[in-house]
Amino acid sequence: MKRFYFDYAATTPIYPEVLKEINSNLRNNFGNPGSLNFFGQTAMAIVDKSREKIAKSIGANFREIIFTGSATESNNLVLRGILKNAKIKNQKPRIIISSIEHESVLETARDLEKEGLALSGVEGVEVIYLKVSKNGIVDLEHLKKYLNERTVLVSIMYANNETGVIQPIAKIGEIIRNFREKNHPNPHTLVASGYPLFHTDAVQAFQFLDCNIENLGVDLMTLSAHKIYGPKGIGALYIRKSSGISPIITGGGQEFGLRSGTENVAAIAGFAKAIELADKNRQKEKKRIFLLAQYFFKEIKKIIPSAQLNAEKAERLPNILNIAFPGYNAESLLIKFDLNGIAVSRGSACMARSSQPSYVLKEMGINESEQRSSLRFSFGRFTTKEEISKALKIIKKILK
């Protein structure tokens, strides 16, 4: 059976050039980067070269890039690491996130709320979940309202993994910067130490959007290799120098003391190659995939005129379409599509086995019936118009 892969937002296949880089390093650079012998130093040179490439891509310094095992680990390091290091006297620290963050941020925040942290004698942490509009955009007035002297972190994803909606990260960065400047004169406030810090999960955004840290005004940024045609099991975190973050994995002190554990040299080299190719192909691919997605939805509307594009009026990534099929059950459709060779998702891959409708769509005010009829189609580097046309014929048979 011919199979069609329309689930690039979940993960991407590995670029041939990236695979070549990985295999070369698996064969030739097997040393432990922590060893002082020839083999270890050769491996460390590969790690350093890769770190330099990624840093240059986003406008960061070499020592500001930390390699982790995944984007989930990076996000955990941000939330838990900042709270561990927060210097607050007799006050409960506050973190602010959006209500549509990836589960690795949402669930970590909820976990921190439940378990509580003993910070300078004060138990717990306060989490503010920012509301979003019907098009999935964070309410900036809501953000301004809840920024205060106890806020240690604001974490807002750059682009949503279910809908593709792009958040106004640069505007948020400006709001936080203005808050810092306004409150800096008071030495008893957190902003005297650089708080609140601003983090963005740019996992979905990197291959299509500007991720220069200065342009965005972020202090921390999460990246992942397997979303940009690199290997799974490797992530990166940009941490602005002197941000004040404590490790959550301790041991040998690798990654400048922020993430212990022997570095995965081959995966790191593959990640750097994927970053290089993403930078090279960004504009061309953005335009090509946008046109493919437009064509796909136009044809879907011909088959099912009642089909709706969730967050249609918002600025979105070019590769993600979250479509509601009124009168259909998304779970049943997904199974039928898969049995006929078409791979799609209901939403986040991390929640794929849940029977619950999407919390992202719920937070946008979409009714439960439409939530349960929505599927995510996401396209990528190896998607072609010919492939989409063939898949549409199958989809037409299923829907009719």
# chains A, B, ... in the order shown; residues from 1 in each chain; ligands from 1
>>> closest_atom_pairs(of="range 198-310 of chain A", to="range 82-101 of chain A", cutoff="10 Å", atoms="only C-alpha atoms", output="JSON lines")
{"residue": "A:Phe198", "atom": "CA", "partner": "A:Ile96", "partner_atom": "CA", "distance": 9.6}
{"residue": "A:His199", "atom": "CA", "partner": "A:Ile97", "partner_atom": "CA", "distance": 9.5}
{"residue": "A:Thr200", "atom": "CA", "partner": "A:Ile97", "partner_atom": "CA", "distance": 9.9}
{"residue": "A:Asp201", "atom": "CA", "partner": "A:Glu101", "partner_atom": "CA", "distance": 8.6}
{"residue": "A:Ser243", "atom": "CA", "partner": "A:Ile82", "partner_atom": "CA", "distance": 8.4}
{"residue": "A:Gly244", "atom": "CA", "partner": "A:Asn85", "partner_atom": "CA", "distance": 6.3}
{"residue": "A:Ile245", "atom": "CA", "partner": "A:Ile82", "partner_atom": "CA", "distance": 4.7}
{"residue": "A:Ser246", "atom": "CA", "partner": "A:Asn85", "partner_atom": "CA", "distance": 5.6}
{"residue": "A:Pro247", "atom": "CA", "partner": "A:Lys84", "partner_atom": "CA", "distance": 8.5}
{"residue": "A:Ile248", "atom": "CA", "partner": "A:Lys84", "partner_atom": "CA", "distance": 8.7}
>>> residues_around(residues="Ala45 in chain A", least_positions_apart="6", cutoff="12 Å", atoms="only C-alpha atoms", output="ChimeraX atom specification")
/A:25,29,31-36,38-39,51-52,263,265,268-269
>>> closest_atom_pairs(of="range 231-282 of chain A", to="range 205-222 of chain A", cutoff="7 Å", atoms="only C-alpha atoms", output="JSON lines")
{"residue": "A:Ala236", "atom": "CA", "partner": "A:Thr222", "partner_atom": "CA", "distance": 6.0}
{"residue": "A:Leu237", "atom": "CA", "partner": "A:Thr222", "partner_atom": "CA", "distance": 4.7}
{"residue": "A:Tyr238", "atom": "CA", "partner": "A:Met221", "partner_atom": "CA", "distance": 5.0}
{"residue": "A:Ile239", "atom": "CA", "partner": "A:Leu220", "partner_atom": "CA", "distance": 4.7}
{"residue": "A:Arg240", "atom": "CA", "partner": "A:Asp219", "partner_atom": "CA", "distance": 5.1}
{"residue": "A:Ala278", "atom": "CA", "partner": "A:Gln207", "partner_atom": "CA", "distance": 5.5}
{"residue": "A:Arg282", "atom": "CA", "partner": "A:Phe208", "partner_atom": "CA", "distance": 5.6}
>>> write_last_selection(atoms="N, CA and C atoms", output="tab-separated table (two decimals), in the first residue's frame")
chain	number	residue	atom	x	y	z
A	236	ALA	N	18.18	21.05	22.57
A	236	ALA	CA	19.11	22.12	22.96
A	236	ALA	C	18.33	23.20	23.69
A	237	LEU	N	19.02	23.87	24.58
A	237	LEU	CA	18.43	24.99	25.31
A	237	LEU	C	19.39	26.17	25.28
A	238	TYR	N	18.91	27.28	24.77
A	238	TYR	CA	19.67	28.53	24.87
A	238	TYR	C	19.38	29.13	26.23
A	239	ILE	N	20.43	29.46	26.96
A	239	ILE	CA	20.30	30.09	28.28
A	239	ILE	C	21.17	31.35	28.27
A	240	ARG	N	20.53	32.49	28.32
A	240	ARG	CA	21.30	33.74	28.36
A	240	ARG	C	22.26	33.73	29.54
A	278	ALA	N	18.30	23.75	7.80
A	278	ALA	CA	17.09	24.53	8.04
A	278	ALA	C	17.33	26.00	7.72
A	282	ARG	N	15.11	27.63	4.64
A	282	ARG	CA	13.95	28.21	5.35
A	282	ARG	C	12.98	28.95	4.42
>>> residues_around(residues="Tyr8 in chain A", least_positions_apart="3", cutoff="7 Å", atoms="only C-alpha atoms", output="short mmCIF file (atom, residue, chain, number, x, y, z; two decimals) with C-alpha atoms, in the first residue's frame")
data_model
loop_
_atom_site.label_atom_id
_atom_site.label_comp_id
_atom_site.auth_asym_id
_atom_site.auth_seq_id
_atom_site.Cartn_x
_atom_site.Cartn_y
_atom_site.Cartn_z
CA THR A 11 8.27 14.22 13.94
CA THR A 12 10.20 14.48 10.71
CA SER A 378 1.09 18.74 8.77
CA PHE A 379 3.37 18.80 5.75
CA GLY A 380 7.12 18.95 5.24
#
>>> select_by_dssp(residues="range 16-134 of chain A", states="strand (DSSP E or B)", output="ChimeraX atom specification")
/A:65-68,94-98,118-119,122-123,126-130,132
>>> write_last_selection(atoms="C-alpha atoms", output="tab-separated table (two decimals), in the first residue's frame")
chain	number	residue	atom	x	y	z
A	65	ILE	CA	23.92	26.55	24.25
A	66	ILE	CA	23.22	23.50	26.42
A	67	PHE	CA	22.58	20.07	24.91
A	68	THR	CA	19.83	17.96	26.50
A	94	ARG	CA	5.18	33.12	40.35
A	95	ILE	CA	5.56	31.67	36.87
A	96	ILE	CA	3.35	32.67	33.96
A	97	ILE	CA	2.60	30.35	31.04
A	98	SER	CA	-0.11	30.19	28.40
A	118	ALA	CA	10.76	24.94	49.78
A	119	LEU	CA	12.24	28.22	48.63
A	122	VAL	CA	8.05	29.50	51.49
A	123	GLU	CA	6.20	26.42	50.26
A	126	GLU	CA	2.03	30.13	41.98
A	127	VAL	CA	1.25	29.42	38.32
A	128	ILE	CA	-0.73	31.83	36.15
A	129	TYR	CA	-2.28	30.31	33.01
A	130	LEU	CA	-2.81	33.05	30.44
A	132	VAL	CA	-6.00	32.93	24.64
>>> closest_residue(among="A:Ile304, A:Leu77, A:Ile46, A:Ala9", to="Leu321 in chain A", atoms="only C-alpha atoms")
A:Ala9
>>> residues_around(residues="Ile394 in chain A", least_positions_apart="3", cutoff="12 Å", atoms="only C-alpha atoms", output="list in words")
Lys2, Arg3, Phe4, Ile300, Ile303, Lys336, Phe337, Asp338, Leu339, Asn340, Gly341, Ile342, Glu387, Ile388, Ser389, Lys390, Ala391, Lys397, Ile398, Leu399 and Lys400 of chain A
>>> closest_residue(among="A:Lys144, A:Ala311, A:Tyr359, A:Ala324", to="Leu106 in chain A", atoms="only C-alpha atoms")
A:Tyr359
>>> select_by_dssp(residues="range 81-318 of chain A", states="alpha helix (DSSP H)", output="ChimeraX atom specification")
/A:81-85,103-115,140-146,169-183,213-216,265-303
>>> closest_residue(among="A:Gly136, A:Pro13, A:Gly81, A:Gly124", to="Ala159 in chain A", atoms="only C-alpha atoms")
A:Gly136
>>> residues_around(residues="Ser224 in chain A", least_positions_apart="6", cutoff="6 Å", atoms="only C-alpha atoms", output="ChimeraX atom specification")
/A:71,203,235
>>> write_last_selection(atoms="N, CA, C and O atoms", output="compact mmCIF listing (two decimals), in the first residue's frame")
# COMPACT_ATOMS: atom_id res chain seq x y z
N ALA A 71 13.45 18.12 23.91
CA ALA A 71 12.82 19.41 24.20
C ALA A 71 12.09 19.35 25.54
O ALA A 71 12.04 20.33 26.28
N VAL A 203 10.32 24.89 19.28
CA VAL A 203 10.48 23.60 18.61
C VAL A 203 9.81 23.56 17.23
O VAL A 203 10.40 23.14 16.25
N GLY A 235 18.09 17.45 22.25
CA GLY A 235 17.50 18.78 22.27
C GLY A 235 18.55 19.80 22.64
O GLY A 235 19.68 19.45 22.98
>>> closest_residue(among="A:Ile54, A:Ile137, A:Ile395, A:Ile289", to="Phe382 in chain A", atoms="only C-alpha atoms")
A:Ile289
>>> closest_residue(among="A:Arg180, A:Asp48, A:Ala60, A:Leu79", to="Asp111 in chain A", atoms="only C-alpha atoms")
A:Leu79
>>> closest_residue(among="A:Gly327, A:Arg376, A:Ala266, A:Lys396", to="Lys20 in chain A", atoms="only C-alpha atoms")
A:Ala266
>>> residues_around(residues="Arg372 in chain A", least_positions_apart="3", cutoff="7 Å", atoms="only C-alpha atoms", output="PyMOL selection string")
chain A and resi 329-330+357+368-369
